[in-house]
file query.txt (compact mmCIF, C-alpha atoms and all ligand atoms)
# COMPACT_ATOMS: atom_id res chain seq x y z
CA MET F 165 115.12 93.40 85.60
CA ARG F 166 118.59 94.04 86.92
CA VAL F 167 117.44 97.08 88.90
CA VAL F 168 114.65 95.12 90.55
CA TRP F 169 117.05 92.37 91.48
CA ASN F 170 119.48 94.85 93.04
CA ILE F 171 116.78 96.39 95.18
CA ALA F 172 115.69 92.95 96.33
CA LEU F 173 119.26 92.24 97.39
CA ILE F 174 119.58 95.48 99.30
CA CYS F 175 116.26 94.79 100.90
CA HIS F 176 117.35 91.35 101.96
CA ALA F 177 120.62 92.61 103.34
CA TYR F 178 118.75 95.30 105.19
CA PHE F 179 116.64 92.78 107.08
CA ILE F 180 119.72 90.91 108.17
CA CYS F 181 121.26 94.12 109.44
CA THR F 182 118.24 95.36 111.33
CA SER F 183 117.50 92.06 113.00
CA SER F 184 120.67 92.47 115.03
CA ALA F 185 120.45 96.24 115.48
CA GLN F 186 118.81 97.81 118.51
CA PRO F 187 115.19 98.89 117.86
CA GLY F 188 115.97 102.51 118.58
CA SER F 189 118.07 102.82 115.46
CA SER F 190 115.52 101.06 113.24
CA LYS F 191 114.63 102.73 110.00
CA LEU F 192 111.23 101.06 110.07
CA HIS F 193 109.36 104.19 110.99
CA ASP F 194 106.15 105.68 109.64
CA GLY F 195 107.84 107.79 107.01
CA TRP F 196 110.23 105.20 105.61
CA TRP F 197 108.63 104.78 102.20
CA ALA F 198 108.67 106.53 98.83
CA TYR F 199 106.71 106.74 95.60
CA LYS F 200 109.64 106.36 93.27
CA ASP F 201 113.25 105.20 93.25
CA VAL F 202 115.86 107.74 94.17
CA VAL F 203 118.74 107.79 91.76
CA GLN F 204 121.33 107.89 94.47
CA GLY F 205 121.44 107.29 98.18
CA SER F 206 120.04 104.52 100.28
CA PHE F 207 117.18 102.16 99.52
CA VAL F 208 113.73 103.46 100.38
CA PRO F 209 110.78 101.15 99.61
CA VAL F 210 108.64 102.11 96.61
CA PRO F 211 104.96 101.01 96.40
CA SER F 212 105.69 97.44 95.27
CA PHE F 213 107.83 96.98 98.40
CA TRP F 214 105.67 98.76 100.99
CA GLY F 215 103.96 95.56 102.09
CA LEU F 216 107.21 93.59 102.20
CA VAL F 217 109.52 95.74 104.32
CA ASN F 218 107.38 96.14 107.43
CA SER F 219 105.03 93.52 108.84
CA ALA F 220 102.76 96.31 110.12
CA TRP F 221 102.23 97.26 106.47
CA ASN F 222 101.13 93.78 105.30
CA LEU F 223 97.90 95.14 103.91
CA CYS F 224 99.81 97.09 101.25
CA ALA F 225 100.77 93.74 99.71
CA MET F 226 98.08 91.33 100.91
CA GLY F 227 94.98 93.53 101.17
CA LYS F 228 91.98 92.83 99.00
CA ARG F 229 90.26 96.20 99.37
CA GLN F 230 93.08 98.51 98.41
CA SER F 231 93.11 101.98 96.87
CA PRO F 232 93.46 103.70 94.51
CA ILE F 233 91.62 101.87 91.73
CA ASP F 234 90.88 102.33 88.08
CA ILE F 235 87.19 103.27 87.84
CA GLU F 236 85.75 101.40 84.91
CA THR F 237 82.52 103.24 84.30
CA SER F 238 80.90 100.23 82.64
CA HIS F 239 81.19 98.41 85.99
CA MET F 240 79.43 101.11 87.99
CA ILE F 241 76.09 100.39 89.60
CA PHE F 242 73.45 103.08 89.96
CA ASP F 243 72.22 103.18 93.57
CA PRO F 244 69.00 105.18 94.00
CA TYR F 245 69.53 105.31 97.78
CA LEU F 246 72.69 107.39 97.52
CA THR F 247 71.69 110.84 98.74
CA PRO F 248 73.80 113.95 98.12
CA LEU F 249 76.81 114.47 100.33
CA ARG F 250 76.30 117.07 103.10
CA ILE F 251 79.16 119.43 103.90
CA ASN F 252 78.91 121.34 107.15
CA THR F 253 81.25 124.23 107.88
CA GLY F 254 79.04 125.96 110.40
CA GLY F 255 79.07 128.93 108.01
CA ARG F 256 82.65 129.73 108.97
CA ARG F 257 85.74 130.25 106.90
CA LEU F 258 88.65 127.97 107.53
CA GLY F 259 92.18 128.60 108.74
CA GLY F 260 94.91 126.05 108.41
CA THR F 261 98.54 125.31 107.78
CA MET F 262 99.87 124.26 104.44
CA TYR F 263 102.88 121.93 104.55
CA ASN F 264 105.45 120.41 102.29
CA THR F 265 105.65 116.95 103.86
CA GLY F 266 108.23 115.81 101.30
CA LYS F 267 105.56 113.55 99.84
CA HIS F 268 102.49 115.77 99.42
CA VAL F 269 101.21 119.27 99.64
CA SER F 270 99.12 119.04 102.76
CA LEU F 271 96.67 121.50 104.29
CA ARG F 272 95.54 120.84 107.85
CA PRO F 273 92.70 122.88 109.27
CA ASP F 274 93.35 124.41 112.69
CA LYS F 275 91.68 122.58 115.57
CA ALA F 276 89.39 125.55 116.11
CA TYR F 277 87.60 124.86 112.83
CA LEU F 278 85.17 122.05 112.46
CA VAL F 279 84.27 120.94 108.97
CA ASN F 280 82.35 117.70 108.68
CA ILE F 281 80.68 115.66 106.00
CA SER F 282 77.80 113.21 106.24
CA GLY F 283 75.09 111.77 104.06
CA GLY F 284 75.75 110.13 100.74
CA PRO F 285 77.21 106.67 101.38
CA LEU F 286 78.29 107.68 104.92
CA GLY F 287 76.51 106.34 107.98
CA TYR F 288 78.39 108.65 110.35
CA SER F 289 79.66 112.20 110.53
CA TYR F 290 83.29 112.60 109.45
CA ARG F 291 85.54 115.49 110.42
CA LEU F 292 88.01 117.02 107.99
CA GLU F 293 91.58 116.18 109.02
CA GLU F 294 93.70 117.00 105.98
CA ILE F 295 93.57 118.10 102.37
CA ARG F 296 96.25 116.42 100.31
CA LEU F 297 97.41 117.07 96.75
CA HIS F 298 98.75 114.45 94.37
CA PHE F 299 100.05 115.58 90.99
CA GLY F 300 102.09 114.48 88.01
CA SER F 301 105.21 115.49 86.15
CA GLU F 302 103.14 115.42 82.94
CA ASP F 303 99.52 116.34 82.36
CA TYR F 304 98.44 112.79 81.54
CA GLN F 305 99.35 111.46 84.99
CA GLY F 306 99.26 112.58 88.60
CA SER F 307 95.90 111.41 89.94
CA GLU F 308 95.86 108.28 92.07
CA HIS F 309 92.51 107.11 90.75
CA LEU F 310 92.09 106.52 87.04
CA LEU F 311 88.95 106.74 84.98
CA ASN F 312 88.70 104.05 82.32
CA GLY F 313 92.47 103.71 82.47
CA GLN F 314 93.09 107.41 82.11
CA GLY F 315 94.85 109.61 84.64
CA PHE F 316 94.38 113.30 85.42
CA PRO F 317 97.09 115.91 86.08
CA GLY F 318 96.22 115.82 89.77
CA GLU F 319 93.88 114.74 92.53
CA VAL F 320 92.76 116.58 95.66
CA GLN F 321 91.97 114.25 98.54
CA LEU F 322 89.93 115.56 101.47
CA ILE F 323 90.62 113.16 104.29
CA HIS F 324 88.05 112.94 107.10
CA TYR F 325 87.78 110.71 110.17
CA ASN F 326 84.69 109.30 111.85
CA GLN F 327 84.07 111.71 114.72
CA ASP F 328 81.02 109.81 115.98
CA LEU F 329 83.05 106.72 116.88
CA TYR F 330 86.64 107.87 117.31
CA ALA F 331 88.59 110.47 119.25
CA ASN F 332 91.03 111.38 116.51
CA TYR F 333 92.43 110.48 113.12
CA SER F 334 95.08 108.04 114.34
CA GLU F 335 92.51 105.99 116.20
CA ALA F 336 90.00 106.12 113.34
CA VAL F 337 92.37 105.18 110.53
CA ARG F 338 92.92 101.70 112.00
CA SER F 339 89.27 101.12 112.89
CA PRO F 340 86.11 100.05 111.04
CA HIS F 341 84.40 102.86 109.09
CA GLY F 342 87.19 105.12 110.25
CA ILE F 343 87.90 107.29 107.23
CA ALA F 344 86.04 109.04 104.44
CA VAL F 345 88.03 110.53 101.57
CA VAL F 346 86.47 112.89 99.07
CA THR F 347 88.44 112.96 95.85
CA ILE F 348 88.31 115.69 93.24
CA PHE F 349 90.27 115.38 90.02
CA ILE F 350 92.41 118.32 88.92
CA LYS F 351 92.66 119.39 85.31
CA VAL F 352 94.86 122.06 83.78
CA SER F 353 93.04 124.58 81.65
CA LEU F 354 93.65 127.85 79.88
CA SER F 355 89.98 128.68 79.42
CA GLU F 356 88.15 127.41 82.50
CA ASN F 357 88.17 129.51 85.66
CA PRO F 358 90.76 128.19 88.08
CA ASN F 359 89.31 126.86 91.33
CA THR F 360 89.05 129.65 93.93
CA PHE F 361 90.16 127.50 96.86
CA LEU F 362 93.15 126.05 95.02
CA ASN F 363 94.02 129.56 93.82
CA ARG F 364 94.66 130.50 97.43
CA MET F 365 96.97 127.54 97.92
CA LEU F 366 98.75 127.63 94.58
CA ASN F 367 99.32 131.30 93.81
CA ARG F 368 103.03 132.06 93.55
CA ASP F 369 103.24 134.00 96.83
CA THR F 370 101.88 131.03 98.74
CA ILE F 371 103.20 127.94 97.02
CA THR F 372 106.78 129.23 96.96
CA ARG F 373 106.69 129.40 100.78
CA ILE F 374 106.66 125.63 100.90
CA ASN F 375 109.34 124.85 98.32
CA TYR F 376 111.17 122.47 100.61
CA LYS F 377 110.38 119.63 102.95
CA HIS F 378 109.04 120.74 106.36
CA ASP F 379 108.20 124.23 105.09
CA ALA F 380 104.86 125.45 106.38
CA PHE F 381 102.63 128.42 105.70
CA LEU F 382 99.50 129.63 107.45
CA LEU F 383 96.39 130.36 105.37
CA MET F 384 93.28 132.04 106.71
CA GLY F 385 89.79 132.78 105.41
CA LEU F 386 89.42 129.72 103.21
CA ASN F 387 85.93 128.77 102.12
CA MET F 388 85.53 124.98 101.90
CA GLY F 389 82.55 125.38 99.61
CA ASP F 390 84.85 126.92 96.99
CA LEU F 391 86.78 123.69 96.63
CA TYR F 392 83.80 121.52 95.72
CA PRO F 393 82.72 121.58 92.07
CA ASP F 394 79.12 122.36 91.41
CA THR F 395 77.59 118.90 91.30
CA THR F 396 75.90 116.42 93.62
CA ARG F 397 77.06 113.47 91.56
CA TYR F 398 79.72 111.12 92.77
CA ILE F 399 81.11 107.61 92.57
CA THR F 400 81.77 105.63 95.76
CA TYR F 401 83.51 102.44 96.83
CA GLU F 402 85.12 100.88 99.90
CA GLY F 403 88.90 100.91 99.93
CA SER F 404 92.03 101.81 101.83
CA VAL F 405 94.27 104.71 102.64
CA THR F 406 96.81 105.02 99.83
CA ILE F 407 99.94 105.33 101.98
CA PRO F 408 101.41 102.78 104.40
CA PRO F 409 100.02 101.02 106.44
CA CYS F 410 97.28 100.89 103.75
CA TYR F 411 94.50 100.32 106.31
CA GLU F 412 91.27 99.19 104.67
CA THR F 413 89.06 101.61 106.54
CA ALA F 414 88.25 104.22 103.90
CA THR F 415 85.04 105.04 102.12
CA TRP F 416 85.98 106.82 98.91
CA ILE F 417 83.77 109.44 97.29
CA LEU F 418 84.90 110.61 93.87
CA ILE F 419 83.19 113.82 92.79
CA ASN F 420 81.98 113.53 89.21
CA LYS F 421 83.37 116.84 88.01
CA PRO F 422 86.96 118.12 87.99
CA VAL F 423 88.37 121.39 89.28
CA TYR F 424 90.75 123.45 87.18
CA ILE F 425 94.11 125.04 87.84
CA THR F 426 96.33 127.07 85.52
CA GLN F 427 99.41 125.84 83.70
CA MET F 428 101.47 128.17 85.89
CA GLN F 429 100.03 126.68 89.08
CA MET F 430 100.75 123.18 87.81
CA HIS F 431 104.29 124.27 87.05
CA SER F 432 104.71 125.67 90.57
CA LEU F 433 103.63 122.33 92.03
CA ARG F 434 106.22 120.51 89.96
CA LEU F 435 108.92 122.82 91.33
CA LEU F 436 108.31 121.66 94.91
CA SER F 437 111.13 119.57 96.30
CA GLN F 438 110.82 116.34 98.24
CA HIS F 439 113.92 117.39 100.13
CA GLU F 440 115.26 120.01 102.49
CA PRO F 441 117.00 122.98 100.81
CA TYR F 442 120.50 121.67 101.55
CA LYS F 443 119.81 118.40 99.71
CA ILE F 444 119.59 117.73 95.99
CA PHE F 445 116.35 118.88 94.31
CA LEU F 446 113.92 116.07 93.64
CA SER F 447 110.48 117.05 92.36
CA MET F 448 107.52 115.96 94.47
CA SER F 449 105.50 115.22 91.33
CA ASP F 450 104.20 111.71 90.51
CA ASN F 451 103.43 111.15 94.18
CA THR F 452 100.90 108.45 93.38
CA ARG F 453 100.42 104.85 94.35
CA PRO F 454 99.64 102.60 91.35
CA THR F 455 96.06 101.37 91.04
CA GLN F 456 95.08 98.21 92.88
CA PRO F 457 92.77 95.37 91.78
CA LEU F 458 89.04 95.95 92.33
CA LEU F 459 88.39 92.23 92.96
CA GLN F 460 84.77 91.65 94.03
CA ARG F 461 84.12 95.15 95.26
CA CYS F 462 81.29 97.16 93.86
CA ILE F 463 81.50 100.73 92.57
CA ARG F 464 78.28 102.63 93.23
CA THR F 465 77.12 105.94 91.85
CA ASN F 466 74.20 108.35 92.08
CA ILE F 467 74.65 109.32 88.45
CA HIS F 468 71.31 108.34 87.03
CA PHE F 469 72.17 107.54 83.45
CA SER F 470 68.65 106.87 82.24
CA LYS F 471 67.34 110.24 83.49
CA GLN F 472 69.67 112.46 81.54
CA GLY F 473 67.00 113.65 79.13
CA PRO F 474 64.04 112.65 77.04
CA HIS F 475 66.27 111.46 74.26
CA CYS F 476 68.11 108.93 76.36
CA PRO F 477 66.59 105.54 75.63
CA ASN F 478 66.83 102.61 77.98
CA ASN F 479 70.21 101.86 76.55
CA ARG F 480 71.87 101.55 79.95
CA ALA F 481 74.74 99.38 78.89
CA VAL F 482 76.14 102.01 76.58
CA ARG F 483 75.03 105.25 78.20
CA PRO F 484 77.03 105.20 81.44
CA GLN F 485 80.37 105.18 79.74
CA TYR F 486 79.41 108.10 77.59
CA ARG F 487 77.85 110.21 80.34
CA VAL F 488 80.58 109.84 82.89
CA ASN F 489 83.32 110.41 80.39
CA GLN F 490 81.61 113.50 79.21
CA TRP F 491 81.32 114.90 82.74
CA LEU F 492 84.84 114.21 83.78
CA LEU F 493 86.80 114.63 80.63
CA LYS F 494 85.33 117.79 79.24
C1 LIG C 501 79.25 119.17 112.11
O1 LIG C 501 79.66 120.49 111.97
C2 LIG C 501 78.69 121.43 112.40
C3 LIG C 501 79.21 122.82 112.05
O2 LIG C 501 80.56 123.01 112.37
C4 LIG C 501 78.40 121.25 113.86
O3 LIG C 501 77.42 122.18 114.29
C5 LIG C 501 77.90 119.86 114.08
O4 LIG C 501 77.69 119.64 115.45
C6 LIG C 501 78.89 118.88 113.54
N1 LIG C 501 78.36 117.55 113.66
C7 LIG C 501 78.83 116.70 114.53
C8 LIG C 501 78.18 115.35 114.54
O5 LIG C 501 79.77 116.95 115.24
C1 LIG C 502 93.92 109.58 119.88
O1 LIG C 502 92.95 109.06 120.75
C2 LIG C 502 93.40 107.95 121.52
C3 LIG C 502 92.20 107.39 122.27
O2 LIG C 502 91.49 108.37 122.93
C4 LIG C 502 94.53 108.41 122.43
O3 LIG C 502 95.01 107.33 123.20
C5 LIG C 502 95.66 108.97 121.58
O4 LIG C 502 96.69 109.49 122.39
C6 LIG C 502 95.15 110.05 120.64
N1 LIG C 502 96.20 110.37 119.70
C7 LIG C 502 96.47 111.61 119.34
C8 LIG C 502 97.55 111.78 118.33
O5 LIG C 502 95.88 112.57 119.81
call {"tool": "encode", "arguments": {"input": "query.txt", "output": "structure tokens"}}
result
Amino acid sequence: MRVVWNIALICHAYFICTSSAQPGSSKLHDGWWAYKDVVQGSFVPVPSFWGLVNSAWNLCAMGKRQSPIDIETSHMIFDPYLTPLRINTGGRRLGGTMYNTGKHVSLRPDKAYLVNISGGPLGYSYRLEEIRLHFGSEDYQGSEHLLNGQGFPGEVQLIHYNQDLYANYSEAVRSPHGIAVVTIFIKVSLSENPNTFLNRMLNRDTITRINYKHDAFLLMGLNMGDLYPDTTRYITYEGSVTIPPCYETATWILINKPVYITQMQMHSLRLLSQHEPYKIFLSMSDNTRPTQPLLQRCIRTNIHFSKQGPHCPNNRAVRPQYRVNQWLLK
């Protein structure tokens, strides 16, 4: 309680200071937010403050279609019109730059490569802009979305923008139907084969090149198809981007099967710093926004519970929970 009160005070004092300061020196810039409190140093707004410190970020506090959410599988609705997602790489391998942004591991494809998705719940074609990794300090947390209240060690988010309607990501993210995010949960496993695509990003030679904020490393010859698990099943809902300004322009597509990484790869992720090398080490892990209320939104899926086999009776109320859990949690 005391900590919260102190932050509120600092926050209040900050507003008084900035109102008289010249705009050029304002700290209210795009990157002035954090996932968790820093032990020392100046106040940086954590998720519960994002919507309060900057009027341009109102949606983070006031929005009614925010992400991430906790997917309660008993609330899902089967939609027979949801076709499989189409991924188009033009048969080419991908080159891109992997960054430590201080907040995420981010992989941006080079402009020369066009990867787009369409179909499924999407009415337009969306171009891949960025692949972003969220992960936890412990194996029971790290994903932004939860499944029946449970977190995963990590979550890969493939962020695409609507290339039919908009010129680029920055225009799309603030516009209707602007963004499509494909989410794949990450699990840590000793026995399952680690994901080939993530292997390229997370092997020690590569991941240690981006130990510190602003570090970047070029990767070539990536095959997008390797990242997607072998399933056409997904869960979809309408939500927001999960960082400020929390624009409510995103269609989310959660793939109904996880990808695996090794314990060593998970460990390497946790050793990434949020800071530059000359500053104190602060692990990037737990870079997740807490889940937001679903309110009256609907969660749709193409997982056809009643068609799982001849022995599945028309027991739809019970089946979904079992099926989806089994797919994701195995
Ligand atoms: C999607 O990507 C493919 C392959 O790169 C390309 O041929 C196609 O024109 C793209 N679709 C749109 C709508 O740009
Ligand atoms: C995005 O497109 C808009 C509209 O065409 C343009 O004004 C803006 O400069 C572009 N932004 C970037 C970052 O390319």
call {"tool": "closest_residue", "arguments": {"input": "query.txt", "among": "F:Gln230, F:Thr347, F:Gln460, F:Ser289", "to": "ligand LIG 501 (chain C)", "atoms": "only C-alpha atoms and all ligand atoms"}}
result
F:Ser289
call {"tool": "residues_near_ligand", "arguments": {"input": "query.txt", "ligand": "ligand LIG 502 (chain C)", "cutoff": "9 Å", "atoms": "all atoms listed in the file", "output": "VMD selection string"}}
result
chain F and resid 330 to 336
call {"tool": "write_last_selection", "arguments": {"input": "query.txt", "atoms": "C-alpha atoms", "output": "mmCIF file, keeping the file's coordinate frame"}}
result
data_model
loop_
_atom_site.group_PDB
_atom_site.id
_atom_site.type_symbol
_atom_site.label_atom_id
_atom_site.label_comp_id
_atom_site.auth_asym_id
_atom_site.auth_seq_id
_atom_site.Cartn_x
_atom_site.Cartn_y
_atom_site.Cartn_z
ATOM 1 C CA TYR F 330 86.640 107.870 117.310
ATOM 2 C CA ALA F 331 88.590 110.470 119.250
ATOM 3 C CA ASN F 332 91.030 111.380 116.510
ATOM 4 C CA TYR F 333 92.430 110.480 113.120
ATOM 5 C CA SER F 334 95.080 108.040 114.340
ATOM 6 C CA GLU F 335 92.510 105.990 116.200
ATOM 7 C CA ALA F 336 90.000 106.120 113.340
#
call {"tool": "closest_residue", "arguments": {"input": "query.txt", "among": "F:Pro393, F:Gly385, F:Pro457, F:Pro273", "to": "Thr261 of chain F", "atoms": "all atoms listed in the file"}}
result
F:Pro273
call {"tool": "residues_around", "arguments": {"input": "query.txt", "residues": "Val208 of chain F", "least_positions_apart": "2", "cutoff": "7 Å", "atoms": "all atoms listed in the file", "output": "number ranges by chain"}}
result
F: 196-198, 206, 210
call {"tool": "closest_residue", "arguments": {"input": "query.txt", "among": "F:Leu246, F:Ile251, F:Val217, F:Leu435", "to": "ligand LIG 501 (chain C)", "atoms": "all atoms listed in the file"}}
result
F:Ile251
call {"tool": "closest_residue", "arguments": {"input": "query.txt", "among": "F:Tyr442, F:Gly389, F:Gly284, F:Val346", "to": "Arg256 of chain F", "atoms": "only C-alpha atoms"}}
result
F:Gly389
call {"tool": "residues_around", "arguments": {"input": "query.txt", "residues": "Met262 of chain F", "least_positions_apart": "3", "cutoff": "8 Å", "atoms": "all atoms listed in the file", "output": "MDAnalysis selection string"}}
result
chainID F and resid 269:272 365 374 380:383
